[in-house]
Amino acid sequence: MSRTVPIPQGLPLERDAGPFDPPRRITRLREARPVSPMNFPDGHEGWLVTGYDAVRRLMADTRFSSRRDIGIPHVPYEISGMPAPTEPVPQSPGLFISMDPPDHTRLRRKLTGAFTVKRMKMLEEHIIEITERQLDELARLTPPVDLVQEFTLPVPSLVICEMLGVPYADRDTFQVNSAKIMVKDQTLDKKIAAFGAMTAYLSELVTRKRAEPGEDLLSDLARDDDLTIEELAGVAFLLLLAGHETTANMLGLGTFALLEHPEQLAELRADPDLLPDAVEELLRYLSVADIFYRYATEDIELGGETIRKGSTVVVSLLAANRDPQRFDNPDTLDIHRKARGHLSFGHGVHQCLGQQLARIEMRAGFDGLLRRFPTLQLAIPADEVRLKTDMNIYGVHALPVTWTGV
């Protein structure tokens with residue numbers, strides 16, 4: 001394997017290969033050196049992992065810590081949207097995504113019962129009803145319309161609000177602030193203010209639920225005296241953010257991808273039984289939650305390289321999901337592909353808790369949209385679609401569409 005590839009100075013994020021493909025520099029790094037040294041903007045020498053096997057092994061190895069409070073993580077500006085910290089970042093209560101076992105295990109275990117496959121299957125019919133009601137609203141509009149605002153964002157927001165017990169009328173509070181948190185070039189002060197506004201709102205909400213619990217997930221958690229209000233607010237923040245941001249972006253970017261692949265779209269319309277495989281393929285092909293990072297707590301061998309204790313390690317799930325060592329013709333969207341084993345929901349102890357919920361929402365969303373709007377098409381040229389290259393979760397800012405004869 002070649003070792004002559006230049007060491008990246010910062011993370012190559014420019015989407016120069018097309019709206020759905022990894023940056024060319026990332027692809028070249030994966031081909032030449034799947035576990036590659038990387039120089040961070042603050043001078044730290046870390047690593048970038050892009051190969052499927054290496055990413056999967058790394059995410060299953062808890063020696064690669066998710067904590068931010070045990071060392072300086074040297075997060076490059078391109079990833080976090082803020083300067084690299086000069087000291088460890090304090091742990092936030094309830095944010096188990098940035099914890100290791102046993103703290104991570106304690107909090108996550110309290111949620112697993114709510115997200116079992118059986119529980120999600122019980123919710124599926126209701127999720128389809130929510131989706132169909134939103135499609136009714138969409139059909140009443142005169143095109144062109146922005147599919148993001150009228151469909152792909154409302155559906156997952158409605159579902160997660162109802163599931164958690166968050167009033168949908170308060171959606172501006174969390175959608176505006178979550179967007180501020182996800183913007184890469186937002187100032188640190190504004191990100192902290194947005195996070196503070198969301199956690200203050202959620203702290204008040206879970207306090208009310210602890211006093212007068214209802215029939216929802218946050219009420220169930222609030223009944224657990226082992227959880228503090230701060231922990232409840234942190235857990236609620238994670239579930240609310242992840243529960244609408246990622247699925248909304250998958251629905252929006254996935255629709256864009258299908259419209260740009262008309263043969264695949266026609267096959268999917270002709271045979272709805274292909275939908276489960278199509279959803280997995282879109283998850284693999286698009287990987288909207290791409291960049292993650294870990295912190296090596298000891299010297300670790302990975303992919304023939306020695307990653308020293310204290311190193312920050314950046315992971316590209318999109319690059320891993322496009323690895324030709326794992327998937328044939330990986331840069332081709334193929335709804336017939338059996339894409340199980342993709343890493344879009346992560347791997348290991350931090351694998352996405354809500355992945356079954358996301359799958360149900362995507363199946364319901366794509367099925368309803370393609371069935372009820374058979375003439376759906378872009379209302380603007382594809383190269384004018386505004387992409388979320390400025391956000392930490394990829395997608396489209398807006399997707400103007402039109403149709404006839406609904």
# chains A, B, ... in the order shown; residues from 1 in each chain; ligands from 1
>>> select_by_dssp(residues="stretch 337-385 of chain A", states="helix (DSSP H, G or I)", output="JSON, numbers by chain")
{"A": [348, 349, 350, 355, 356, 357, 358, 359, 360, 361, 362, 363, 364, 365, 366, 367, 368, 369, 370, 371, 372, 382, 383, 384]}
>>> residues_around(residues="A:Arg15", least_positions_apart="3", cutoff="10 Å", atoms="only C-alpha atoms", output="list in words")
Pro12, Gly18, Pro19, Phe20, Asp21, Pro22, Pro23, Arg24, Arg25, Ile26, Leu387 and Thr389 of chain A
>>> residues_around(residues="A:Phe292", least_positions_apart="4", cutoff="12 Å", atoms="only C-alpha atoms", output="ChimeraX atom specification")
/A:11,47-50,55,58-59,64-66,73,75-76,78-80,97-98,287-288,312-319,343-347,350,392-393
>>> residues_around(residues="A:Glu132", least_positions_apart="4", cutoff="12 Å", atoms="only C-alpha atoms", output="PyMOL selection string")
chain A and resi 125-128+136-139+151+154-155+361+364-372
>>> closest_atom_pairs(of="stretch 232-280 of chain A", to="stretch 159-182 of chain A", cutoff="10 Å", atoms="only C-alpha atoms", output="JSON lines")
{"residue": "A:Ala236", "atom": "CA", "partner": "A:Leu164", "partner_atom": "CA", "distance": 7.8}
{"residue": "A:Phe237", "atom": "CA", "partner": "A:Phe174", "partner_atom": "CA", "distance": 8.9}
{"residue": "A:Leu239", "atom": "CA", "partner": "A:Ile160", "partner_atom": "CA", "distance": 8.0}
{"residue": "A:Leu240", "atom": "CA", "partner": "A:Ile160", "partner_atom": "CA", "distance": 6.6}
{"residue": "A:Leu241", "atom": "CA", "partner": "A:Ser178", "partner_atom": "CA", "distance": 6.6}
{"residue": "A:Ala242", "atom": "CA", "partner": "A:Ile160", "partner_atom": "CA", "distance": 9.3}
{"residue": "A:Gly243", "atom": "CA", "partner": "A:Ile160", "partner_atom": "CA", "distance": 5.8}
{"residue": "A:His244", "atom": "CA", "partner": "A:Ile160", "partner_atom": "CA", "distance": 6.7}
{"residue": "A:Glu245", "atom": "CA", "partner": "A:Ser178", "partner_atom": "CA", "distance": 8.2}
>>> closest_residue(among="A:Leu238, A:Pro156, A:Ala382, A:Lys191", to="A:Thr131", atoms="only C-alpha atoms")
A:Pro156
>>> atom_distance(atom1="atom CA of A:Ala257", atom2="atom CA of A:Gly395")
10.5 Å
>>> atom_distance(atom1="atom CA of A:Gln351", atom2="atom CA of A:Ala296")
18.8 Å
>>> residues_around(residues="stretch 250-254 of chain A", least_positions_apart="4", cutoff="7 Å", atoms="only C-alpha atoms", output="ChimeraX atom specification")
/A:148,152,246,258,282,288,362,395-396
>>> atom_distance(atom1="atom CA of A:Asp225", atom2="atom CA of A:Ala358")
29.3 Å
>>> closest_residue(among="A:Arg294, A:Pro213, A:Arg223, A:Arg322", to="A:Lys309", atoms="only C-alpha atoms")
A:Arg294
>>> residues_around(residues="A:Trp403", least_positions_apart="5", cutoff="9 Å", atoms="only C-alpha atoms", output="NGL selection string")
:A and (143-144 or 373-379)
